[in-house]
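As stored in structure10.tsv (TSV, C-alpha atoms):
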```
chain	number	residue	atom	x	y	z
E	40	MET	CA	53.56	-72.61	73.31
E	41	LYS	CA	57.06	-72.02	74.61
E	42	ILE	CA	58.14	-70.57	71.26
E	43	PHE	CA	55.20	-68.12	71.32
E	44	THR	CA	56.12	-66.89	74.77
E	45	GLU	CA	59.75	-66.27	73.83
E	46	THR	CA	58.67	-64.35	70.72
E	47	ALA	CA	56.39	-62.09	72.80
E	48	ILE	CA	59.16	-61.34	75.26
E	49	ALA	CA	61.54	-60.45	72.42
E	50	LEU	CA	58.93	-58.11	70.91
E	51	LYS	CA	58.44	-56.35	74.26
E	52	ARG	CA	62.19	-55.83	74.61
E	53	MET	CA	62.40	-54.39	71.11
E	54	VAL	CA	59.53	-52.01	71.81
E	55	ALA	CA	61.19	-50.88	75.04
E	56	ILE	CA	64.49	-50.30	73.29
E	57	LEU	CA	62.80	-48.34	70.49
E	58	THR	CA	60.93	-46.23	73.04
E	59	ILE	CA	64.17	-45.41	74.84
E	60	VAL	CA	65.82	-44.55	71.55
E	61	VAL	CA	62.95	-42.21	70.58
E	62	ILE	CA	63.04	-40.48	73.97
E	63	VAL	CA	66.78	-39.97	73.79
E	64	ALA	CA	66.58	-38.73	70.23
E	65	GLY	CA	63.80	-36.29	71.14
E	66	THR	CA	65.76	-34.96	74.12
E	67	VAL	CA	68.84	-34.47	71.99
E	68	ALA	CA	66.78	-32.65	69.35
E	69	ILE	CA	65.25	-30.31	71.95
E	70	LEU	CA	68.64	-29.50	73.49
E	71	ALA	CA	70.10	-28.89	70.05
E	72	SER	CA	67.23	-26.57	69.15
E	73	ARG	CA	67.66	-24.55	72.36
E	74	LYS	CA	71.39	-24.31	71.81
E	75	SER	CA	70.83	-23.11	68.28
E	76	ARG	CA	68.39	-20.41	69.41
E	77	ARG	CA	70.77	-19.29	72.14
E	78	GLU	CA	73.67	-19.07	69.73
E	79	ARG	CA	71.54	-17.09	67.29
E	80	SER	CA	70.58	-14.61	70.08
E	81	VAL	CA	74.21	-14.20	71.09
E	82	ALA	CA	75.22	-13.73	67.49
E	83	GLU	CA	72.52	-11.11	66.95
E	84	ALA	CA	73.58	-9.27	70.12
E	85	VAL	CA	77.20	-9.34	69.05
E	86	SER	CA	76.40	-8.22	65.53
E	87	ASP	CA	74.20	-5.27	66.77
E	88	ARG	CA	76.39	-3.07	69.02
E	89	SER	CA	74.60	0.26	68.29
E	90	VAL	CA	73.48	2.54	71.15
E	91	SER	CA	70.00	4.05	71.11
E	92	VAL	CA	70.18	7.84	71.60
E	93	SER	CA	68.20	11.01	71.06
E	94	THR	CA	69.77	13.95	69.24
E	95	SER	CA	69.13	17.65	68.75
E	96	ARG	CA	70.42	20.05	66.13
E	97	VAL	CA	72.80	22.75	67.41
E	98	GLU	CA	71.48	26.20	66.53
E	99	ARG	CA	72.64	29.75	67.08
E	100	GLY	CA	70.14	32.35	68.21
E	101	ALA	CA	69.61	35.54	70.16
E	102	ILE	CA	69.54	35.12	73.94
E	103	GLU	CA	68.19	37.77	76.27
E	104	LEU	CA	70.60	39.21	78.81
E	105	ALA	CA	67.89	40.55	81.09
E	106	PHE	CA	67.79	39.16	84.61
E	107	SER	CA	66.08	40.18	87.82
E	108	ALA	CA	66.82	40.52	91.53
E	109	ASN	CA	64.70	41.33	94.55
E	110	GLY	CA	65.19	43.96	97.21
E	111	ILE	CA	63.53	46.27	99.73
E	112	THR	CA	63.46	50.04	99.30
E	113	GLN	CA	65.33	52.29	101.71
E	114	PRO	CA	65.53	56.06	102.19
E	115	VAL	CA	68.28	57.67	100.15
E	116	ARG	CA	69.76	58.87	103.45
E	117	GLU	CA	69.18	57.69	107.01
E	118	LEU	CA	70.81	59.30	110.04
E	119	SER	CA	70.84	58.15	113.66
E	120	PHE	CA	71.49	61.54	115.22
E	121	THR	CA	73.39	61.62	118.54
E	122	SER	CA	74.24	64.40	120.97
E	123	ASP	CA	77.45	66.43	120.90
E	124	VAL	CA	76.77	68.14	124.23
E	125	SER	CA	75.78	67.20	127.76
E	126	GLY	CA	73.04	68.71	129.88
E	127	ARG	CA	69.38	68.50	130.80
E	128	VAL	CA	66.79	68.75	128.00
E	129	THR	CA	64.58	71.80	128.57
E	130	GLU	CA	62.52	71.78	125.36
E	131	ILE	CA	61.83	69.42	122.44
E	132	LEU	CA	60.78	71.26	119.29
E	133	VAL	CA	59.91	68.31	116.96
E	134	ASP	CA	58.25	64.93	117.23
E	135	LYS	CA	57.93	61.79	115.10
E	136	GLY	CA	56.63	62.57	111.66
E	137	THR	CA	57.85	66.19	111.67
E	138	ARG	CA	59.52	67.23	108.43
E	139	VAL	CA	62.60	69.33	109.08
E	140	SER	CA	65.11	71.19	106.94
E	141	ARG	CA	68.84	71.28	107.40
E	142	GLY	CA	69.74	73.56	110.31
E	143	ALA	CA	66.28	73.45	111.89
E	144	ALA	CA	66.22	73.42	115.72
E	145	LEU	CA	65.29	70.04	117.22
E	146	LEU	CA	65.67	70.51	120.97
E	147	LYS	CA	67.25	72.77	123.59
E	148	VAL	CA	69.53	71.89	126.49
E	149	ASP	CA	69.82	73.93	129.71
E	150	SER	CA	72.32	76.58	128.64
E	151	GLU	CA	72.50	78.88	131.68
E	152	LEU	CA	75.99	77.76	132.70
E	153	LEU	CA	77.12	77.57	129.08
E	154	LYS	CA	75.96	81.14	128.49
E	155	ALA	CA	77.78	82.35	131.62
E	156	ASP	CA	80.99	80.65	130.51
E	157	TYR	CA	80.67	82.15	127.04
E	158	THR	CA	80.09	85.64	128.47
E	159	ALA	CA	83.18	85.34	130.72
E	160	ALA	CA	85.34	84.07	127.86
E	161	GLU	CA	84.17	86.90	125.62
E	162	ALA	CA	84.93	89.51	128.28
E	163	ALA	CA	88.42	88.11	128.90
E	164	TRP	CA	89.17	88.12	125.17
E	165	LYS	CA	87.99	91.72	124.75
E	166	ALA	CA	90.15	92.86	127.73
E	167	LEU	CA	93.25	91.18	126.33
E	168	ALA	CA	92.56	92.60	122.89
E	169	LYS	CA	92.54	96.12	124.34
E	170	ASP	CA	95.77	95.44	126.28
E	171	VAL	CA	97.50	94.22	123.13
E	172	GLU	CA	96.35	97.33	121.28
E	173	ARG	CA	97.62	99.61	124.08
E	174	LEU	CA	100.97	97.82	124.42
E	175	SER	CA	101.44	97.89	120.68
E	176	ARG	CA	101.32	101.70	120.77
E	177	SER	CA	103.71	101.74	123.75
E	178	HIS	CA	106.07	99.41	121.92
E	179	ALA	CA	106.07	101.72	118.93
E	180	ALA	CA	107.06	104.55	121.26
E	181	GLY	CA	109.71	102.43	122.97
E	182	GLY	CA	107.80	102.08	126.24
E	183	VAL	CA	107.65	98.24	126.34
E	184	SER	CA	109.88	95.53	125.01
E	185	GLU	CA	109.13	93.14	122.17
E	186	GLN	CA	109.16	90.23	124.62
E	187	GLN	CA	106.42	91.79	126.77
E	188	LEU	CA	104.25	92.40	123.72
E	189	ASP	CA	104.72	88.82	122.44
E	190	ALA	CA	103.73	87.36	125.83
E	191	LEU	CA	100.50	89.39	125.79
E	192	ARG	CA	99.75	88.36	122.21
E	193	THR	CA	100.14	84.72	123.25
E	194	GLN	CA	97.59	85.25	126.02
E	195	LEU	CA	95.23	86.83	123.50
E	196	ILE	CA	95.49	83.81	121.19
E	197	ALA	CA	94.68	81.45	124.09
E	198	ALA	CA	91.73	83.63	125.10
E	199	GLU	CA	90.44	83.64	121.52
E	200	SER	CA	90.66	79.83	121.39
E	201	ARG	CA	88.76	79.50	124.69
E	202	LEU	CA	86.13	81.90	123.38
E	203	SER	CA	85.61	79.79	120.23
E	204	VAL	CA	85.14	76.63	122.29
E	205	SER	CA	82.77	78.35	124.68
E	206	ARG	CA	80.75	79.85	121.81
E	207	ARG	CA	80.47	76.44	120.14
E	208	ARG	CA	79.19	74.79	123.33
E	209	TYR	CA	76.67	77.56	123.88
E	210	GLU	CA	75.41	77.33	120.28
E	211	ASP	CA	75.22	73.53	120.51
E	212	ALA	CA	72.81	73.86	123.41
E	213	THR	CA	70.24	74.27	120.66
E	214	VAL	CA	70.51	70.96	118.76
E	215	LYS	CA	69.98	71.42	115.02
E	216	SER	CA	69.28	68.95	112.24
E	217	PRO	CA	72.31	68.22	110.04
E	218	VAL	CA	70.12	67.04	107.14
E	219	SER	CA	66.72	67.65	105.63
E	220	GLY	CA	64.15	64.92	106.05
E	221	ILE	CA	61.48	63.55	108.32
E	222	VAL	CA	61.84	62.59	111.97
E	223	ASN	CA	61.26	58.84	112.02
E	224	ALA	CA	62.01	58.24	115.72
E	225	ARG	CA	62.64	60.25	118.90
E	226	HIS	CA	64.73	58.77	121.71
E	227	VAL	CA	64.68	61.59	124.28
E	228	GLU	CA	62.10	63.20	126.57
E	229	PRO	CA	61.90	66.67	128.18
E	230	GLY	CA	63.87	66.76	131.40
E	231	ALA	CA	66.18	63.92	130.41
E	232	LEU	CA	69.87	64.27	131.13
E	233	ILE	CA	71.90	63.64	127.99
E	234	ALA	CA	75.61	63.14	127.43
E	235	PRO	CA	77.78	63.14	124.30
E	236	ASN	CA	76.82	60.28	121.91
E	237	SER	CA	73.37	59.88	123.52
E	238	PRO	CA	70.82	58.89	120.83
E	239	LEU	CA	68.40	61.71	120.11
E	240	PHE	CA	66.56	61.31	116.80
E	241	GLU	CA	66.41	59.14	113.69
E	242	ILE	CA	66.02	61.31	110.61
E	243	ILE	CA	65.42	59.91	107.14
E	244	ASP	CA	65.60	61.67	103.80
E	245	ASP	CA	62.75	60.17	101.82
E	246	SER	CA	62.93	62.64	98.94
E	247	ARG	CA	64.40	59.78	96.94
E	248	VAL	CA	64.24	56.03	97.45
E	249	LYS	CA	67.03	53.57	96.81
E	250	LEU	CA	67.00	49.80	96.49
E	251	LEU	CA	69.74	47.46	97.65
E	252	CYS	CA	69.77	44.00	96.06
E	253	LEU	CA	72.19	41.12	95.61
E	254	VAL	CA	73.36	40.09	92.13
E	255	PRO	CA	75.11	36.76	91.38
E	256	GLU	CA	78.78	36.98	90.50
E	257	SER	CA	78.07	35.63	87.00
E	258	ARG	CA	75.77	38.60	86.28
E	259	VAL	CA	77.83	41.50	87.70
E	260	ALA	CA	79.93	41.75	84.52
E	261	LEU	CA	76.74	42.63	82.61
E	262	LEU	CA	76.09	45.71	84.78
E	263	SER	CA	77.48	49.22	84.47
E	264	GLN	CA	77.13	52.22	86.74
E	265	GLY	CA	74.43	54.59	85.53
E	266	ALA	CA	72.60	51.91	83.53
E	267	GLY	CA	68.82	52.23	83.53
E	268	VAL	CA	66.64	49.60	85.22
E	269	THR	CA	62.96	48.94	85.82
E	270	ALA	CA	61.43	47.90	89.12
E	271	GLU	CA	58.04	46.34	89.71
E	272	SER	CA	55.79	45.89	92.73
E	273	SER	CA	52.10	45.62	93.52
E	274	GLU	CA	51.98	49.43	93.26
E	275	GLY	CA	53.17	49.47	89.65
E	276	VAL	CA	56.32	49.83	87.56
E	277	PHE	CA	59.11	52.28	88.41
E	278	SER	CA	62.35	53.35	86.73
E	279	GLY	CA	65.82	54.06	88.10
E	280	ARG	CA	69.53	53.68	87.51
E	281	VAL	CA	72.43	51.73	88.99
E	282	THR	CA	74.45	53.95	91.35
E	283	HIS	CA	76.78	51.45	92.98
E	284	ILE	CA	78.17	47.98	92.17
E	285	GLY	CA	79.92	46.23	95.04
E	286	ARG	CA	83.47	45.14	94.31
E	287	LYS	CA	83.42	42.39	96.91
E	288	ALA	CA	81.09	39.37	96.91
E	289	ASP	CA	79.62	37.86	100.05
E	290	ARG	CA	79.94	34.21	101.04
E	291	SER	CA	77.15	33.22	98.66
E	292	LEU	CA	79.06	34.86	95.75
E	293	HIS	CA	76.58	37.72	95.40
E	294	HIS	CA	77.57	41.37	94.97
E	295	PRO	CA	75.59	44.24	96.54
E	296	VAL	CA	74.11	46.53	93.90
E	297	GLU	CA	72.43	49.83	94.73
E	298	VAL	CA	69.70	51.32	92.53
E	299	LEU	CA	68.45	54.89	92.88
E	300	LEU	CA	64.81	55.07	91.86
E	301	ASP	CA	63.29	58.08	90.14
E	302	ARG	CA	60.96	60.28	92.19
E	303	ASP	CA	57.47	58.80	92.36
E	304	GLY	CA	54.73	59.53	94.88
E	305	ARG	CA	53.88	55.83	95.12
E	306	LEU	CA	57.31	54.88	96.42
E	307	ARG	CA	57.84	54.40	100.14
E	308	ALA	CA	60.64	53.00	102.24
E	309	GLY	CA	60.20	49.31	103.04
E	310	MET	CA	58.54	48.26	99.77
E	311	TYR	CA	59.43	44.90	98.19
E	312	LEU	CA	60.48	45.34	94.56
E	313	LYS	CA	61.66	43.11	91.73
E	314	VAL	CA	64.33	44.85	89.64
E	315	THR	CA	65.04	43.93	86.02
E	316	PHE	CA	68.53	44.66	84.73
E	317	CYS	CA	69.80	44.92	81.12
E	318	GLY	CA	66.31	45.51	79.71
E	319	GLU	CA	65.99	44.45	76.06
E	320	GLN	CA	69.68	43.73	75.50
E	321	SER	CA	70.54	40.45	73.74
E	322	ARG	CA	73.42	38.73	71.97
E	323	GLU	CA	74.03	35.80	69.65
E	324	ALA	CA	75.06	32.50	71.24
E	325	ILE	CA	74.84	28.72	70.96
E	326	LEU	CA	72.62	27.10	73.60
E	327	ILE	CA	72.28	23.38	74.26
E	328	PRO	CA	70.34	21.39	76.88
E	329	ARG	CA	72.28	20.81	80.10
E	330	SER	CA	71.41	17.11	79.81
E	331	ALA	CA	73.76	16.91	76.81
E	332	VAL	CA	76.81	17.86	78.91
E	333	SER	CA	78.70	15.29	80.96
E	334	GLY	CA	81.58	15.93	83.32
E	335	SER	CA	82.12	19.12	85.32
E	336	ALA	CA	80.92	22.54	84.25
E	337	GLY	CA	84.52	23.78	84.07
E	338	ALA	CA	87.36	22.46	81.97
E	339	GLY	CA	86.02	18.89	82.08
E	340	ALA	CA	82.74	19.52	80.22
E	341	VAL	CA	82.20	16.99	77.41
E	342	ALA	CA	79.47	16.37	74.85
E	343	TYR	CA	78.98	13.88	72.00
E	344	VAL	CA	77.79	14.61	68.48
E	345	ALA	CA	76.51	12.17	65.88
E	346	VAL	CA	78.75	12.01	62.80
E	347	SER	CA	77.92	9.43	60.10
E	348	GLY	CA	76.16	7.18	62.61
E	349	LYS	CA	78.99	7.28	65.15
E	350	ALA	CA	79.59	9.24	68.35
E	351	SER	CA	82.29	11.93	68.29
E	352	ARG	CA	83.56	13.30	71.64
E	353	ARG	CA	83.86	17.07	72.00
E	354	VAL	CA	85.47	19.04	74.82
E	355	LEU	CA	83.40	22.16	75.51
E	356	THR	CA	84.05	25.62	76.88
E	357	LEU	CA	80.87	26.67	78.62
E	358	GLY	CA	79.49	30.12	79.28
E	359	ASP	CA	76.46	31.18	81.24
E	360	MET	CA	73.90	28.76	82.64
E	361	ARG	CA	70.25	29.34	83.38
E	362	GLY	CA	67.52	26.77	83.91
E	363	ASP	CA	67.84	23.77	81.58
E	364	SER	CA	70.14	25.44	79.06
E	365	VAL	CA	73.86	26.18	78.93
E	366	GLU	CA	75.80	28.47	76.61
E	367	VAL	CA	78.64	26.94	74.58
E	368	LEU	CA	81.54	29.26	73.83
E	369	ASP	CA	83.73	26.72	72.04
E	370	GLY	CA	83.61	23.06	71.01
E	371	LEU	CA	80.42	22.89	68.95
E	372	GLY	CA	79.42	24.25	65.56
E	373	GLU	CA	76.06	25.35	64.30
E	374	GLY	CA	74.12	22.57	62.54
E	375	GLU	CA	75.79	19.62	64.31
E	376	GLU	CA	73.69	16.84	65.83
E	377	ILE	CA	74.31	16.67	69.56
E	378	ILE	CA	73.30	13.68	71.68
E	379	VAL	CA	70.91	14.79	74.42
E	380	SER	CA	69.86	11.45	75.96
E	381	GLY	CA	71.18	7.90	76.17
E	382	LEU	CA	74.66	9.13	77.10
E	383	MET	CA	75.25	6.41	79.70
E	384	ASN	CA	76.43	3.88	77.10
E	385	VAL	CA	77.95	6.35	74.63
E	386	TYR	CA	81.69	6.52	74.05
E	387	ASP	CA	83.90	8.02	71.38
E	388	GLY	CA	83.36	6.06	68.13
E	389	ALA	CA	80.27	4.16	69.36
E	390	GLN	CA	77.71	3.04	66.74
E	391	LEU	CA	74.50	5.02	67.16
E	392	LYS	CA	70.84	4.31	66.59
E	393	THR	CA	68.83	7.54	66.64
E	394	VAL	CA	65.41	6.86	68.11
E	395	ASN	CA	64.23	10.42	68.49
E	396	HIS	CA	65.44	13.64	66.88
E	397	ARG	CA	64.55	16.84	68.73
E	398	THR	CA	64.35	20.30	67.26
E	399	SER	CA	66.12	22.87	69.39
E	400	SER	CA	63.74	25.27	71.13
E	401	ALA	CA	66.41	27.33	72.89
E	402	ASN	CA	66.80	30.01	70.24
E	403	ARG	CA	65.77	32.56	72.82
E	404	SER	CA	66.51	31.96	76.46
E	405	GLU	CA	66.62	34.33	79.37
E	406	LEU	CA	70.08	34.54	80.86
```

Turn the structure described in the file into structure tokens.
Amino acid sequence: MKIFTETAIALKRMVAILTIVVIVAGTVAILASRKSRRERSVAEAVSDRSVSVSTSRVERGAIELAFSANGITQPVRELSFTSDVSGRVTEILVDKGTRVSRGAALLKVDSELLKADYTAAEAAWKALAKDVERLSRSHAAGGVSEQQLDALRTQLIAAESRLSVSRRRYEDATVKSPVSGIVNARHVEPGALIAPNSPLFEIIDDSRVKLLCLVPESRVALLSQGAGVTAESSEGVFSGRVTHIGRKADRSLHHPVEVLLDRDGRLRAGMYLKVTFCGEQSREAILIPRSAVSGSAGAGAVAYVAVSGKASRRVLTLGDMRGDSVEVLDGLGEGEEIIVSGLMNVYDGAQLKTVNHRTSSANRSEL
């Protein structure tokens, strides 16, 4: 009985030891398997260093030079007419909306005193003129000296000058229009007392209409004085030509450009128009997506092209930009594969994996 008990205890110990051995062996096997899988993953990651990118073929095509700007029409000439004389207004001859020609009378100022002064100045001049004529005959006969005659001639010149001033003031009592046009505003009433530089009328010449718009600095070089343009509004399409290109840009780097529109009965001052410059002009250029350019738009612009499965860094000289496209002046050749996405991990010489090849659609782009 004692022998049987000892044998059973020994068997239990052996089973326990075997169980522990199996558990330990299993744990070791599991850890080894995990380590092997981890090492394989690391090895695969190390062995595959390629960067996934999308590329697009560089193409040369015709790009339109036409661009547009907005503006509001203005009269070809607008004059805020002020007074040159002083006095009380006795009569107003025109009102708002009256069309006047150059030299037409607009209003009259009380001229009684001005007329009296002019009459006195004219009489004094005529009297001196007769005296000079009489003394000239006496001088020829030796009756008066040269000095006496010169003194009288000097008085005559002064009298003539006073007469001219007096005549001008008297004539200016009838205020006349310096330009042809339409009276847009009247700032004076009958009986009002006016002084020099008092506002009288606003006269506009609406025989032609001009348009003032602002053009970005990058577009001014495309313009030339006298070039034809088209303008569009809700009233229709109009034609015109560039008459002035500002030499100085404002703070937003825009230059003022003036366009004189052809005569058209539909045109009025104050209309909102969209002007198209350069018409159908175009030129050949290389355009790429702006997403393909890294760095600054100036001297630091860089792009990458795919060459035999590797990235090649190119320094670019950029031209005009518009929308999602940019013109390349130097640094890329037609037919090259440029990387347009996935640039974050791309460097010069990096292995590439092209996941999507795009066909360039920027053959024609409005600049």

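By only C-alpha atoms, and with residues fewer than 2 positions from Glu256 (chain E) along its chain excluded, the set lying at most 8 Å from it is E:Val254, E:Arg258, E:Val259, E:Ala260, E:Ala288, E:Leu292, E:His293, E:His294.
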
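Closest approach to Lys392 (chain E) among E:Val139, E:Ala108, E:Ala179, E:Val92 is made by E:Val92 (distances from all atoms listed in the file).
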
Between CA of Ile111 (chain E) and CA of Thr315 (chain E), measure the distance and give it in Å to one decimal. 14.0 Å

Shell around Leu262 (chain E) at 10 Å using all atoms listed in the file, local window under 5 positions removed, as a list in words: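 Contacts, in chain order: Val254, Gly267, Val281, Ile284, Val296, Phe316 and Cys317 of chain E.
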
Expected file contents, prior selection, C-alpha atoms, as an mmCIF file, in the frame of the given file:
```cif
data_model
loop_
_atom_site.group_PDB
_atom_site.id
_atom_site.type_symbol
_atom_site.label_atom_id
_atom_site.label_comp_id
_atom_site.auth_asym_id
_atom_site.auth_seq_id
_atom_site.Cartn_x
_atom_site.Cartn_y
_atom_site.Cartn_z
ATOM 1 C CA VAL E 254 73.360 40.090 92.130
ATOM 2 C CA GLY E 267 68.820 52.230 83.530
ATOM 3 C CA VAL E 281 72.430 51.730 88.990
ATOM 4 C CA ILE E 284 78.170 47.980 92.170
ATOM 5 C CA VAL E 296 74.110 46.530 93.900
ATOM 6 C CA PHE E 316 68.530 44.660 84.730
ATOM 7 C CA CYS E 317 69.800 44.920 81.120
#
```

Residue contacts of Ile131 (chain E) (8 Å, only C-alpha atoms) excluding same-chain residues fewer than 4 positions away, as a ChimeraX atom specification: /E:145-147,228-229

Within 12 Å of (63.7, 48.2, 80.9) (file coordinates; all atoms listed in the file), which protein or nucleic acid residues are there? I'd like them as a list in words.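 Applying the cut-off with all atoms listed in the file, one gets Leu104, Ala105, Phe106, Ser107, Ala266, Gly267, Val268, Thr269, Ala270, Glu271, Val276, Phe277, Ser278, Gly279, Arg280, Val314, Thr315, Phe316, Cys317, Gly318, Glu319 and Gln320 of chain E.
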
Find the residues near Lys165 (chain E): any atom within 9 Å, counting all atoms listed in the file, skip ones fewer than 5 places away on the same chain, and give them as a PyMOL selection string. chain E and resi 160+170+195+198

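Compared by their closest atoms to Asp244 (chain E), and using only C-alpha atoms, the residues E:Ser205, E:Thr158, E:Gln113, E:Ser125 rank with E:Gln113 nearest.
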
Counting all atoms listed in the file, figure out which residue out of E:Ile59, E:Ala180, E:Gly304, E:Thr94 gets nearest to Pro328 (chain E).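 Once distances to Pro328 (chain E) are computed over all atoms listed in the file, the minimum belongs to E:Thr94.
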
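Residues with any atom within 9 Å of Tyr157 (chain E), counting all atoms listed in the file and excluding same-chain neighbours fewer than 4 positions away, are Leu152, Leu153, Glu161, Ala162, Arg201, Leu202, Ser203, Val204, Ser205, Arg206, Arg207, Arg208 and Tyr209 of chain E.
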
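Checking E:Ala308, E:Leu371, E:Val128, E:Ala234 one by one against Ser246 (chain E), counting all atoms listed in the file, you find the shortest gap at E:Ala308.
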
Go ahead and compute the interatomic distance for CA of Ile243 (chain E) and CA of Thr213 (chain E), in Å to one decimal.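 Answer for the CA of Ile243 (chain E) to CA of Thr213 (chain E) separation: 20.3 Å.
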
Residue with smallest distance to Asp189 (chain E) - pool E:Ser257, E:Trp164, E:Ser219, E:Leu174, counting only C-alpha atoms: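 Closest to Asp189 (chain E), using only C-alpha atoms: E:Leu174.
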
Could you pull out every residue with an atom within 12 Å of (78.4, 30.2, 73.6), file coordinates, counting all atoms listed in the file, and send them as a PyMOL selection string? chain E and resi 97-102+322-327+355-360+364-373+406

For Tyr343 (chain E), which of E:Asp303, E:Val171, E:Ser93, E:Thr58 is the closest residue, counting only C-alpha atoms?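 Comparing E:Asp303, E:Val171, E:Ser93, E:Thr58 against Tyr343 (chain E), the winner is E:Ser93.
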
Distance in Å - CA of Gly309 (chain E) versus CA of His283 (chain E):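 Here the two named atoms are 19.5 Å from each other.
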